[in-house]
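Pasting run01.cif here (mmCIF, C-alpha atoms):
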data_query
#
loop_
_atom_site.label_atom_id
_atom_site.label_comp_id
_atom_site.auth_asym_id
_atom_site.auth_seq_id
_atom_site.Cartn_x
_atom_site.Cartn_y
_atom_site.Cartn_z
CA MET A 1 10.80 -25.53 -3.83
CA ALA A 2 12.01 -22.78 -6.16
CA GLY A 3 14.19 -21.36 -3.39
CA CYS A 4 16.09 -24.65 -2.96
CA ALA A 5 18.43 -24.14 -5.94
CA PRO A 6 19.74 -20.67 -4.90
CA LEU A 7 20.06 -21.84 -1.27
CA GLY A 8 21.95 -24.94 -2.37
CA ALA A 9 24.23 -22.85 -4.57
CA ALA A 10 24.93 -20.44 -1.69
CA LEU A 11 25.73 -23.33 0.67
CA LEU A 12 28.00 -24.90 -1.94
CA PHE A 13 29.81 -21.60 -2.54
CA ALA A 14 30.29 -21.04 1.21
CA GLY A 15 31.35 -24.63 1.86
CA GLY A 16 28.27 -25.22 4.02
CA GLY A 17 29.36 -22.80 6.74
CA PRO A 18 29.50 -19.09 7.53
CA ILE A 19 31.98 -16.66 6.01
CA SER A 20 33.36 -14.19 8.54
CA GLY A 21 36.16 -11.74 9.21
CA PHE A 22 35.08 -8.80 7.06
CA SER A 23 36.87 -5.47 6.93
CA PRO A 24 35.80 -2.59 9.23
CA SER A 25 34.63 -0.62 6.17
CA PHE A 26 32.08 -3.39 5.52
CA THR A 27 30.96 -3.99 9.12
CA TRP A 28 30.44 -0.22 9.59
CA TRP A 29 27.24 -0.54 7.54
CA GLY A 30 25.80 -2.83 10.19
CA GLN A 31 27.57 -1.73 13.37
CA GLY A 32 28.49 1.91 12.78
CA LYS A 33 26.73 5.05 13.93
CA ILE A 34 26.23 8.53 12.57
CA GLY A 35 26.06 10.57 15.75
CA PRO A 36 23.90 8.59 18.16
CA VAL A 37 21.89 6.86 15.40
CA PRO A 38 22.91 3.38 14.16
CA VAL A 39 23.58 3.18 10.41
CA PRO A 40 20.99 0.36 9.83
CA VAL A 41 18.28 2.61 11.32
CA ILE A 42 19.27 5.43 8.98
CA ILE A 43 19.19 3.06 5.98
CA PHE A 44 15.77 1.75 7.05
CA LEU A 45 14.25 5.20 7.53
CA ALA A 46 15.77 6.63 4.33
CA PHE A 47 14.36 3.87 2.15
CA ALA A 48 11.03 3.95 4.00
CA VAL A 49 10.69 7.66 3.15
CA ILE A 50 11.65 7.04 -0.49
CA ALA A 51 9.16 4.16 -0.76
CA HIS A 52 6.41 6.28 0.84
CA ILE A 53 6.99 9.11 -1.64
CA VAL A 54 7.03 6.74 -4.62
CA LEU A 55 3.88 4.86 -3.58
CA ARG A 56 1.93 7.93 -2.49
CA TYR A 57 2.87 10.57 -5.01
CA SER A 58 4.07 8.91 -8.23
CA ARG A 59 2.25 7.42 -11.19
CA TYR A 60 4.18 4.19 -10.66
CA GLY A 61 2.89 3.96 -7.08
CA ARG A 62 -0.71 4.30 -8.28
CA GLN A 63 -0.06 1.58 -10.86
CA VAL A 64 1.24 -0.75 -8.13
CA TYR A 65 -1.88 -0.19 -6.02
CA ALA A 66 -4.11 -0.70 -9.07
CA VAL A 67 -2.45 -3.97 -10.07
CA GLY A 68 -2.43 -5.17 -6.46
CA GLY A 69 -6.11 -4.37 -6.02
CA ASN A 70 -7.42 -5.85 -9.26
CA PRO A 71 -4.97 -6.99 -11.95
CA GLU A 72 -7.68 -7.63 -14.54
CA ALA A 73 -9.23 -4.18 -14.11
CA ALA A 74 -5.74 -2.65 -14.30
CA ARG A 75 -5.07 -4.55 -17.54
CA LEU A 76 -8.35 -3.41 -19.04
CA SER A 77 -7.43 0.17 -18.05
CA GLY A 78 -4.34 -0.06 -20.22
CA LEU A 79 -1.66 -0.82 -17.63
CA ASP A 80 1.14 -3.23 -18.46
CA VAL A 81 0.40 -5.57 -15.57
CA ARG A 82 3.28 -7.96 -16.28
CA TRP A 83 5.79 -5.10 -16.26
CA VAL A 84 4.44 -3.71 -12.98
CA ILE A 85 4.56 -7.13 -11.29
CA CYS A 86 8.05 -7.80 -12.66
CA SER A 87 9.33 -4.41 -11.49
CA VAL A 88 7.88 -4.95 -8.00
CA TYR A 89 9.67 -8.30 -7.78
CA MET A 90 12.93 -6.62 -8.85
CA ILE A 91 12.50 -3.99 -6.13
CA ILE A 92 11.77 -6.73 -3.59
CA GLY A 93 14.94 -8.53 -4.71
CA PHE A 94 16.96 -5.34 -4.23
CA PHE A 95 15.62 -4.88 -0.68
CA ALA A 96 16.23 -8.55 0.16
CA GLY A 97 19.83 -8.12 -0.98
CA LEU A 98 20.15 -4.88 0.98
CA GLY A 99 18.79 -6.60 4.10
CA ALA A 100 21.28 -9.46 3.67
CA PHE A 101 24.11 -6.95 3.23
CA VAL A 102 23.21 -5.05 6.42
CA LEU A 103 22.66 -8.27 8.41
CA SER A 104 26.04 -9.65 7.31
CA ALA A 105 27.72 -6.36 8.21
CA ARG A 106 25.98 -6.31 11.59
CA LEU A 107 26.95 -9.91 12.47
CA ASN A 108 30.36 -9.75 10.75
CA SER A 109 29.32 -13.06 9.24
CA ALA A 110 27.52 -14.22 6.11
CA GLU A 111 25.62 -17.49 6.13
CA ALA A 112 23.24 -18.90 3.52
CA VAL A 113 20.63 -19.88 6.13
CA ALA A 114 20.87 -16.68 8.20
CA GLY A 115 17.47 -15.27 7.22
CA LEU A 116 15.40 -18.41 6.74
CA GLN A 117 12.74 -17.59 9.34
CA TYR A 118 12.55 -13.85 8.66
CA GLU A 119 9.81 -14.17 6.04
CA LEU A 120 7.19 -14.86 8.73
CA THR A 121 8.33 -11.83 10.71
CA VAL A 122 8.12 -9.67 7.58
CA ILE A 123 4.61 -10.90 6.73
CA ALA A 124 3.45 -10.33 10.31
CA SER A 125 4.90 -6.80 10.34
CA VAL A 126 3.19 -5.92 7.07
CA VAL A 127 -0.25 -7.29 7.98
CA ILE A 128 -0.17 -5.70 11.44
CA GLY A 129 0.64 -2.44 9.67
CA GLY A 130 -2.64 -2.66 7.77
CA THR A 131 -1.54 -4.09 4.42
CA SER A 132 -4.05 -6.50 2.94
CA LEU A 133 -2.69 -9.86 1.82
CA PHE A 134 -5.33 -9.70 -0.91
CA GLY A 135 -3.56 -6.66 -2.41
CA GLY A 136 -4.29 -3.05 -3.19
CA VAL A 137 -4.34 -1.75 0.41
CA GLY A 138 -1.48 -0.66 2.65
CA THR A 139 0.98 2.12 3.44
CA ILE A 140 4.67 2.37 4.19
CA PHE A 141 3.89 4.24 7.42
CA GLY A 142 1.68 1.37 8.57
CA THR A 143 4.41 -1.12 7.70
CA VAL A 144 6.96 0.86 9.74
CA ILE A 145 4.58 0.86 12.73
CA GLY A 146 3.96 -2.87 12.28
CA THR A 147 7.70 -3.51 12.12
CA ILE A 148 8.27 -1.59 15.35
CA LEU A 149 5.44 -3.48 17.11
CA ILE A 150 6.74 -6.89 15.99
CA GLY A 151 10.28 -5.89 16.98
CA VAL A 152 9.13 -4.89 20.46
CA LEU A 153 7.10 -8.11 20.78
CA LEU A 154 10.00 -10.34 19.72
CA ASN A 155 12.47 -8.51 21.97
CA GLY A 156 10.05 -8.90 24.87
CA LEU A 157 9.73 -12.62 24.19
CA VAL A 158 13.53 -12.97 24.10
CA LEU A 159 13.87 -11.10 27.41
CA LEU A 160 11.25 -13.44 28.90
CA ASN A 161 13.31 -16.44 27.69
CA VAL A 162 10.47 -17.68 25.49
CA SER A 163 11.57 -20.52 23.19
CA SER A 164 12.24 -19.61 19.56
CA TYR A 165 9.71 -22.30 18.56
CA ILE A 166 7.03 -20.61 20.67
CA GLN A 167 7.98 -17.27 19.09
CA GLN A 168 7.35 -18.74 15.63
CA ILE A 169 3.97 -20.06 16.80
CA ILE A 170 3.05 -16.60 18.13
CA ILE A 171 4.06 -14.95 14.84
CA GLY A 172 2.02 -17.55 12.93
CA VAL A 173 -1.03 -16.93 15.11
CA ILE A 174 -0.68 -13.17 14.54
CA ILE A 175 -0.63 -13.72 10.77
CA VAL A 176 -3.67 -16.02 10.89
CA LEU A 177 -5.63 -13.54 13.03
CA ALA A 178 -4.66 -10.63 10.77
CA VAL A 179 -5.72 -12.55 7.65
CA ALA A 180 -8.99 -13.58 9.32
CA PHE A 181 -9.69 -9.97 10.29
CA ASP A 182 -8.80 -8.79 6.77
CA THR A 183 -11.13 -11.40 5.24
CA PHE A 184 -13.92 -10.43 7.64
CA ALA A 185 -13.47 -6.72 6.90
CA LYS A 186 -13.52 -7.39 3.14
CA SER A 187 -16.68 -9.47 3.40
CA LYS A 188 -18.39 -6.78 5.49
CA SER A 189 -17.44 -4.01 3.08
CA GLY A 190 -18.61 -6.18 0.17
CA SER A 191 -21.96 -6.85 1.81
CA VAL A 192 -22.41 -3.14 2.60
CA SER A 193 -21.62 -2.12 -0.99
CA THR A 194 -24.17 -4.56 -2.40
CA HIS A 195 -27.04 -3.02 -0.40
#

Take the structure in the file and write it out as structure tokens.
Amino acid sequence: MAGCAPLGAALLFAGGGPISGFSPSFTWWGQGKIGPVPVPVIIFLAFAVIAHIVLRYSRYGRQVYAVGGNPEAARLSGLDVRWVICSVYMIIGFFAGLGAFVLSARLNSAEAVAGLQYELTVIASVVIGGTSLFGGVGTIFGTVIGTILIGVLLNGLVLLNVSSYIQQIIIGVIIVLAVAFDTFAKSKSGSVSTH
């Protein structure tokens, strides 16, 4: 329910409909190319590399993994857990805004409800890439691979004229299976470590 107020404000600001007709300098970010490579792909890969370096090689990245894996243990180790969680949410907000910017530039249209169903696709991409929904496990490389796999799957379903409702069901089933597998793997590793 917390998302209702911002969505309502966006719909009110836009008059309930899409805003279109942007300048070419704006739409270039979604439709342009540098050589043969589309600009959105370059943006995606550039930020993926930056995120990989930060998570893998920086102190902040280790703090994020620690808080994600066990917040209480991280707190007892002296980490400012609230600051780490808050900073992660700020970074997520930045990337959500960046995604909205690129999508609007690509479609030459901005609409408050344009990305409403994307959260399931994002979750499915992340869990397929090996990130645990219980926290503390995952890599940017795995997420990129998961994103590519989900993209290929969704494109294939569109080419096969599969209903968008069926596509959502398939994505939901993928998430449920990934969570079940993650839970099973955690329980197995826990039972092994206790012996």

Please tabulate, as a tab-separated table, the residues of stretch 111-160 of chain A that come within 9 Å of stretch 167-170 of chain A, each with its closest pair of atoms and the distance in Å to one decimal, counting only C-alpha atoms and ordering rows by chain, then residue number upward.
residue	atom	partner	partner_atom	distance
A:Gln117	CA	A:Gln168	CA	8.4
A:Leu120	CA	A:Gln168	CA	7.9
A:Thr121	CA	A:Gln168	CA	8.5
A:Leu154	CA	A:Gln167	CA	7.2
A:Leu157	CA	A:Gln167	CA	7.1
A:Val158	CA	A:Gln167	CA	8.6

Stretch 133-146 of chain A surroundings by only C-alpha atoms, 6 Å radius, close-in-sequence under 4 positions cut, as a list in words: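 So, after excluding close chain neighbours, the residues are His52, Tyr65, Gly68, Gly69, Ser125, Val126, Ile128 and Gly129 of chain A.
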
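For the pair atom CA of A:Phe181 and atom CA of A:Ala124, the separation is 13.1 Å.
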
In Å, rounded to a single decimal, give me how far atom CA of A:Leu149 is from atom CA of A:Ile174. 11.7 Å

May I ask for the distance between atom CA of A:Ala9 and atom CA of A:Ser109, given in Å to one decimal place? 17.7 Å

Considering only C-alpha atoms, can you say which of A:Val88, A:Val113, A:Val127, A:Val152 comes closest to A:Pro18?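 Checking each of A:Val88, A:Val113, A:Val127, A:Val152 against A:Pro18, counting only C-alpha atoms, the winner is A:Val113.
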
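Across A:Val39, A:Ile19, A:Ile175, A:Met90, the tightest approach to A:Ser104 is made by A:Ile19 when counting all atoms listed in the file.
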
Looking at all atoms listed in the file, which of A:Leu103, A:Leu116, A:Ala185, A:Leu98 is the one that sits closest to A:Ser132? A:Ala185

Which of these residues is nearest to A:Thr27, using only C-alpha atoms: A:Pro40, A:Ala73, A:Ala180, A:Tyr89?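 Ranked by minimum distance to A:Thr27, first place goes to A:Pro40.
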
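Closest approach to A:Gly97 from the set A:Arg56, A:Gly115, A:Gly172, A:Val49 is made by A:Gly115, with distances taken over only C-alpha atoms.
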
With the PyMOL selection byres ((chain A and resi 110) around 10) as the selection, what would be picked from this file? Answer as a PyMOL selection string, please. chain A and resi 14+17-22+100-101+103-109+111-114

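Considering the residues A:Gln63, A:Glu72, A:Trp29, A:Phe184 and counting all atoms listed in the file, A:Ile42 has its shortest atom-to-atom contact with A:Trp29.
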
First collect every listed atom of stretch 171-176 of chain A; then fit an axis-aligned box around them, widen it by 3 Å on each side, and give centre and edge lengths in Å to one decimal, as JSON.
{"center_x": 0.2, "center_y": -15.4, "center_z": 12.9, "size_x": 13.7, "size_y": 10.4, "size_z": 10.3}
